[in-house]
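Encoded as structure tokens, the structure appears first; notes follow it.
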Amino acid sequence: MPDLSSLALFAVAALALLIIPGPAVLYIVARSAHQGRRAGLLSVLGVQTGGLVHVLAATVGLSAIVLSSAVLFSALKYLGAAYLIYIGIRTLLARDEETDTEIPVPKVQSMKQLFWQGALINALNPKTALFFLAFLPQFIHPERGPVALQTLTFGLLFLCLAVCSDGMYALLGGSLGAKLRGSPRFARRQKYVTGGIYIALGVGTATVGQK
């Protein structure tokens with residue numbers, strides 16, 4: 001097991017990375033601004049559930065296999081990109097009443113969909129697999145115990161920190177969205193901004209290089 005000093009050093013490094021907004025944060029903020037804080041927080045839980053898939057894959061060595069195979073890497077990359085672009089297009093084509101600012105909270109079924117969408121988006125994100133494969137080994141010392149157990153420990157710690165960090169962004173996005181929704185001009189353009197962000201993230205995912 002990692003000692004306390006290693007865990008503390010890892011936590012500081014992880015927080016430094018998490019504070020910088022990345023694709024996951026942009027997705028969460030877009031969700032939160034578009035559908036409210038609850039939607040944003042559920043998206044956070046979904047995204048980190050997808051991250052858990054990558055942590056477990058890194059723990060058992062599957063990530064290294066996927067990233068070493070051009071076919072598997074491309075399949076993961078394009079599936080993730082296609083799903084993001086699909087969500088973006090569906091948002092852009094939504095009827096006006098579906099994005100009406102008077103709707104207080106999405107239905108329960110919609111909330112479940114938000115969770116699983118976030119999970120699927122991150123699970124299919126090759127950037128997440130690349131990140132864990134590159135970041136976690138820097139803090140692992142084989143002489144301190146099984147590598148798999150250390151990888152799992154650091155990965156779970158990172159996800160816990162990510163929930164806190166991304167949760168703050170979700171709350172900020174929800175507050176910003178609540179203020180902007182008071183503007184009729186923003187209300188008319190909201191779905192275009194949100195849909196555009198999803199499509200941009202999908203295009204960005206499609207351009208990720210294997211190396």
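Going by the structure tokens order, chains are called A, B, ..., each with residues numbered from 1, while ligands are numbered from 1 in the order shown.
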Practice task
Excluding region 111-119 of chain A and any residue of its chain fewer than 6 positions from it, enumerate the residues within 9 Å of it, using only C-alpha atoms, and give them as an MDAnalysis selection string.
Solution key: chainID A and resid 24 27:28 31 38:51 53 83 87
Selection from above, all heavy atoms, as a compact mmCIF listing (two decimals), in the first residue's frame, can you write it?
# COMPACT_ATOMS: atom_id res chain seq x y z
N ALA A 24 -14.01 17.03 -19.76
CA ALA A 24 -15.05 16.56 -18.83
C ALA A 24 -15.71 17.73 -18.11
O ALA A 24 -16.94 17.76 -17.94
CB ALA A 24 -14.46 15.58 -17.82
N TYR A 27 -18.06 19.55 -20.44
CA TYR A 27 -19.31 18.80 -20.58
C TYR A 27 -20.21 19.02 -19.37
O TYR A 27 -21.41 19.27 -19.50
CB TYR A 27 -19.01 17.31 -20.75
CG TYR A 27 -20.24 16.45 -20.66
CD1 TYR A 27 -21.12 16.33 -21.73
CD2 TYR A 27 -20.53 15.74 -19.49
CE1 TYR A 27 -22.26 15.55 -21.64
CE2 TYR A 27 -21.67 14.96 -19.39
CZ TYR A 27 -22.53 14.86 -20.47
OH TYR A 27 -23.65 14.10 -20.38
N ILE A 28 -19.62 18.94 -18.18
CA ILE A 28 -20.39 19.09 -16.94
C ILE A 28 -20.97 20.49 -16.82
O ILE A 28 -22.13 20.68 -16.46
CB ILE A 28 -19.50 18.74 -15.73
CG1 ILE A 28 -19.21 17.24 -15.71
CG2 ILE A 28 -20.16 19.19 -14.43
CD1 ILE A 28 -18.08 16.85 -14.78
N ARG A 31 -23.87 20.92 -19.21
CA ARG A 31 -25.06 20.25 -18.69
C ARG A 31 -25.70 21.07 -17.57
O ARG A 31 -26.91 21.26 -17.53
CB ARG A 31 -24.69 18.87 -18.17
CG ARG A 31 -24.69 17.77 -19.18
CD ARG A 31 -26.06 17.51 -19.72
NE ARG A 31 -26.07 16.36 -20.60
CZ ARG A 31 -27.00 16.15 -21.52
NH1 ARG A 31 -27.97 17.03 -21.68
NH2 ARG A 31 -26.97 15.08 -22.27
N ARG A 38 -28.73 20.13 -10.47
CA ARG A 38 -28.96 18.71 -10.26
C ARG A 38 -28.48 17.89 -11.44
O ARG A 38 -27.84 16.84 -11.28
CB ARG A 38 -30.45 18.46 -10.01
CG ARG A 38 -30.78 17.02 -9.63
CD ARG A 38 -32.28 16.85 -9.43
NE ARG A 38 -32.62 15.46 -9.15
CZ ARG A 38 -33.85 14.99 -9.16
NH1 ARG A 38 -34.87 15.81 -9.41
NH2 ARG A 38 -34.09 13.72 -8.91
N ALA A 39 -28.76 18.38 -12.64
CA ALA A 39 -28.30 17.70 -13.85
C ALA A 39 -26.78 17.69 -13.90
O ALA A 39 -26.16 16.69 -14.28
CB ALA A 39 -28.88 18.38 -15.09
N GLY A 40 -26.17 18.81 -13.52
CA GLY A 40 -24.72 18.88 -13.52
C GLY A 40 -24.08 17.93 -12.54
O GLY A 40 -23.10 17.25 -12.85
N LEU A 41 -24.65 17.84 -11.33
CA LEU A 41 -24.08 16.95 -10.31
C LEU A 41 -24.26 15.49 -10.69
O LEU A 41 -23.37 14.65 -10.45
CB LEU A 41 -24.74 17.23 -8.96
CG LEU A 41 -24.38 18.59 -8.34
CD1 LEU A 41 -25.22 18.83 -7.09
CD2 LEU A 41 -22.89 18.67 -8.01
N LEU A 42 -25.39 15.16 -11.30
CA LEU A 42 -25.58 13.79 -11.78
C LEU A 42 -24.60 13.47 -12.90
O LEU A 42 -24.10 12.34 -13.00
CB LEU A 42 -27.02 13.59 -12.26
CG LEU A 42 -28.04 13.24 -11.17
CD1 LEU A 42 -29.44 13.24 -11.73
CD2 LEU A 42 -27.72 11.88 -10.57
N SER A 43 -24.32 14.45 -13.73
CA SER A 43 -23.33 14.26 -14.79
C SER A 43 -21.95 14.02 -14.20
O SER A 43 -21.16 13.23 -14.73
CB SER A 43 -23.31 15.48 -15.72
OG SER A 43 -24.54 15.62 -16.41
N VAL A 44 -21.64 14.72 -13.10
CA VAL A 44 -20.37 14.50 -12.41
C VAL A 44 -20.25 13.04 -11.96
O VAL A 44 -19.23 12.37 -12.20
CB VAL A 44 -20.23 15.43 -11.18
CG1 VAL A 44 -19.04 15.01 -10.32
CG2 VAL A 44 -20.08 16.87 -11.63
N LEU A 45 -21.30 12.53 -11.32
CA LEU A 45 -21.28 11.14 -10.86
C LEU A 45 -21.17 10.18 -12.03
O LEU A 45 -20.46 9.16 -11.96
CB LEU A 45 -22.54 10.85 -10.05
CG LEU A 45 -22.69 11.62 -8.73
CD1 LEU A 45 -24.01 11.28 -8.06
CD2 LEU A 45 -21.52 11.33 -7.81
N GLY A 46 -21.86 10.49 -13.13
CA GLY A 46 -21.78 9.65 -14.31
C GLY A 46 -20.39 9.65 -14.91
O GLY A 46 -19.83 8.58 -15.23
N VAL A 47 -19.81 10.83 -15.07
CA VAL A 47 -18.47 10.95 -15.64
C VAL A 47 -17.45 10.17 -14.80
O VAL A 47 -16.60 9.45 -15.35
CB VAL A 47 -18.07 12.43 -15.76
CG1 VAL A 47 -16.57 12.56 -16.03
CG2 VAL A 47 -18.85 13.11 -16.87
N GLN A 48 -17.52 10.29 -13.50
CA GLN A 48 -16.56 9.60 -12.65
C GLN A 48 -16.83 8.10 -12.58
O GLN A 48 -15.91 7.32 -12.32
CB GLN A 48 -16.53 10.22 -11.25
CG GLN A 48 -16.16 11.69 -11.24
CD GLN A 48 -14.97 12.03 -12.12
OE1 GLN A 48 -14.03 11.24 -12.25
NE2 GLN A 48 -14.99 13.21 -12.73
N THR A 49 -18.07 7.70 -12.82
CA THR A 49 -18.34 6.26 -12.95
C THR A 49 -17.65 5.73 -14.21
O THR A 49 -17.08 4.63 -14.19
CB THR A 49 -19.86 6.00 -13.03
OG1 THR A 49 -20.47 6.44 -11.83
CG2 THR A 49 -20.15 4.52 -13.23
N GLY A 50 -17.70 6.51 -15.28
CA GLY A 50 -16.95 6.15 -16.47
C GLY A 50 -15.46 6.12 -16.20
O GLY A 50 -14.72 5.27 -16.72
N GLY A 51 -14.99 7.06 -15.36
CA GLY A 51 -13.59 7.06 -14.97
C GLY A 51 -13.21 5.82 -14.20
O GLY A 51 -12.09 5.30 -14.32
N VAL A 53 -14.30 2.89 -14.72
CA VAL A 53 -14.04 1.84 -15.71
C VAL A 53 -12.57 1.88 -16.13
O VAL A 53 -11.90 0.84 -16.24
CB VAL A 53 -14.96 2.03 -16.94
CG1 VAL A 53 -14.57 1.05 -18.05
CG2 VAL A 53 -16.42 1.85 -16.55
N TYR A 83 -20.67 9.40 -30.14
CA TYR A 83 -21.71 9.56 -29.13
C TYR A 83 -21.84 11.02 -28.70
O TYR A 83 -22.95 11.54 -28.54
CB TYR A 83 -21.39 8.68 -27.92
CG TYR A 83 -22.51 8.63 -26.91
CD1 TYR A 83 -23.77 8.15 -27.26
CD2 TYR A 83 -22.31 9.06 -25.60
CE1 TYR A 83 -24.80 8.10 -26.34
CE2 TYR A 83 -23.34 9.02 -24.67
CZ TYR A 83 -24.58 8.53 -25.04
OH TYR A 83 -25.59 8.50 -24.14
N ILE A 87 -25.17 13.44 -29.24
CA ILE A 87 -25.83 14.22 -28.18
C ILE A 87 -25.92 15.68 -28.60
O ILE A 87 -26.93 16.36 -28.38
CB ILE A 87 -25.07 14.07 -26.85
CG1 ILE A 87 -25.18 12.64 -26.34
CG2 ILE A 87 -25.64 15.04 -25.81
CD1 ILE A 87 -24.37 12.39 -25.08
Exercise for the section: Find the spatial neighbours of region 78-80 of chain A, counting only C-alpha atoms, within a cut-off of 10 Å - ignore same-chain residues fewer than 2 positions away - and output them as number ranges by chain. Expected result: A: 73-76, 82-86, 120-126, 201-203, 205-208
Exercise for the section: Would you list the contacts of Leu156 (chain A) as a PyMOL selection string, taking every protein, DNA or RNA residue within 9 Å and counting only C-alpha atoms, but skipping same-chain residues closer than 4 positions in sequence? Expected result: chain A and resi 52+55+151-152+160-161
Region 127-136 of chain A: which residues within 7 Å, counting only C-alpha atoms, same-chain residues fewer than 4 positions away excluded, as a PDB file with C-alpha atoms, in the first residue's frame?
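Full text of selection_20.pdb as output:
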ATOM      1  CA  HIS A  54     -10.651   3.211 -16.777  1.00  0.00           C
ATOM      2  CA  ALA A  58      -5.595   0.171 -15.744  1.00  0.00           C
ATOM      3  CA  SER A  63      -5.756  -0.110 -20.726  1.00  0.00           C
ATOM      4  CA  ILE A 140       3.747   3.578  -7.944  1.00  0.00           C
ATOM      5  CA  THR A 151      -2.897   1.520  -9.021  1.00  0.00           C
ATOM      6  CA  PHE A 154      -4.391   5.989  -6.455  1.00  0.00           C
TER       7      PHE A 154
END
Fill in the blank from the handout: Judged by only C-alpha atoms, the minimum distance to Val147 (chain A) among A:Gly61, A:Gly204, A:Pro23, A:Gly177 is found for A:Gly61
Problem - Option closest in space to Ala16 (chain A), from A:Thr59, A:Ser165, A:Gln190, A:Gln138 [counting only C-alpha atoms] - result: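 Closest to Ala16 (chain A) of all the choices is A:Ser165.
Of the listed residues (A:Val163, A:Val193, A:Leu180, A:Leu157), A:Leu157 comes nearest to Leu7 (chain A); the distances count only C-alpha atoms.
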Exercise for the section: Would you list, as a PyMOL selection string, the residues of region 18-131 of chain A that end up in alpha helix (DSSP H) under DSSP run on this structure's backbone? Expected result: chain A and resi 18-19+23-35+37-60+62-68+70-92+108-123+126-131
